[in-house]
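Contents: one structure, followed by commentary.
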Amino acid sequence: MLNKFKLVVIHPLLILGVIAYLECIPYESDLGKKVYHEMPKIGDNFQIAGDLAVYYYDGKGKYSYGTSDCYFSFGNPSWGATYEAGGIKTIDAQTANKIPLLGNMCGANSHIVFKKRIPNQEGYFATNILLDNFSDISHVLCYLILTLSLLHFFRLHPKKYWFAFLLSFSAGVVLEFVQKFFVAGRSASIDDQLRNTIGALLALGLYAGVCALKAKKMTVR
C-alpha cells in the first residue's frame, strides 16, 4: 500500500499537475481599481486615479519617479503588487492635489531619504508577493523534480535522458503559452523557460551522477 502511494506521489502526471496549478495562479492587481480617499502614509508610493504617473510621499510632499527604471532602482515591488503587499496606492485626484510636488526621485539634486513601506502581515502571504520573490527558485526546483520523476518513470528505457528532457522542456513551453493567453495577469517568458531548462539539466546531471556512484559501488563489491 505504501509503495503504491509513493508511486502515485512521484508520478510525472501528478507533479506536472501541481506545476500547472502553480503556473496558472492569476496575477491580480488592485492598481488603478481600488481608490483610497485618504492621504498616503509616509513611505507610500501612490498614483492618482486615472493617471499613470507614480509618486513617493515623504510626509511633506510628493516626488515623481519619472521613469520605471527610477521606480525599480529603489527596490520597489512590481507594478502589479497590491497596496497591502507593499505596492502602489491609488488615491483620488482631490486628495492628491493637496500634496505639493517637491521634485523628482531621481533628479540630479535629489536628496530624499527613501523609506520603503513594509507590507502588512497579510501582505507577506499575498499571491503576488510569492510570485514576485520566489518565481526564479520555483521554476528551477519544480522542473528539476519533474525531470527526476520522468527519469524514474523511464528508468528502464535506453533513451530515458532524451525522453525526460524533451517532455520536461515541452511541458514548460506549453504552460508558458497557457499563461500568456489564458491566465489573467501572467505572460509567457523566455527567462522562465530558461529557468525551467536549467532545472531539467540539473536533474539530468544529478540522476546521472547518482547512477554512476551506484555503478561504482557495485563494481567495488
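In the C-alpha cells, chains take the letters A, B, ... in the order shown, each chain's residues start at 1, and ligands count up from 1 in the order shown.
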
Write out as a count of residues only the residues lying within 7 Å of range 163-177 of chain A, counting only C-alpha atoms and excluding same-chain residues fewer than 5 positions away.
-> 12

Using only C-alpha atoms, pick whichever of A:Ile48, A:Ile88, A:Cys106, A:Ile198 has the shortest atom-to-atom distance to Gly66 in chain A.
->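 Ranked by minimum distance to Gly66 in chain A, first place goes to A:Cys106.
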
Run DSSP on the backbone and give me the residues of chain A it puts in strand (DSSP E), as a PyMOL selection string.
-> chain A and resi 45-48+54-57+62-64+89-91+101-104

Could those residues be written to a file, using C-alpha atoms, as a PDB file, in the first residue's frame?
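See result-v7.pdb below for the written result:
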```pdb
ATOM      1  CA  ASN A  45       4.183  55.070  -3.380  1.00  0.00           C
ATOM      2  CA  PHE A  46       0.971  56.356  -4.893  1.00  0.00           C
ATOM      3  CA  GLN A  47      -0.689  57.372  -8.102  1.00  0.00           C
ATOM      4  CA  ILE A  48      -3.715  59.491  -8.901  1.00  0.00           C
ATOM      5  CA  VAL A  54       3.756  57.333  -9.750  1.00  0.00           C
ATOM      6  CA  TYR A  55       4.891  59.408  -6.766  1.00  0.00           C
ATOM      7  CA  TYR A  56       6.653  58.899  -3.451  1.00  0.00           C
ATOM      8  CA  TYR A  57       5.259  60.589  -0.336  1.00  0.00           C
ATOM      9  CA  LYS A  62       5.283  64.129  -3.357  1.00  0.00           C
ATOM     10  CA  TYR A  63       8.231  63.274  -5.557  1.00  0.00           C
ATOM     11  CA  SER A  64       7.781  61.934  -9.082  1.00  0.00           C
ATOM     12  CA  LYS A  89      -1.684  53.123  -3.557  1.00  0.00           C
ATOM     13  CA  THR A  90      -4.258  54.799  -5.799  1.00  0.00           C
ATOM     14  CA  ILE A  91      -5.863  57.945  -4.337  1.00  0.00           C
ATOM     15  CA  LEU A 101       5.063  68.416  -5.816  1.00  0.00           C
ATOM     16  CA  LEU A 102       8.568  68.827  -4.352  1.00  0.00           C
ATOM     17  CA  GLY A 103      10.720  67.319  -7.089  1.00  0.00           C
ATOM     18  CA  ASN A 104      11.915  64.147  -8.778  1.00  0.00           C
TER      19      ASN A 104
END
```

Residues within 10 Å of Thr95 in chain A, only C-alpha atoms, excluding chain neighbours under 5 positions, as a ChimeraX atom specification = /A:36-40,48
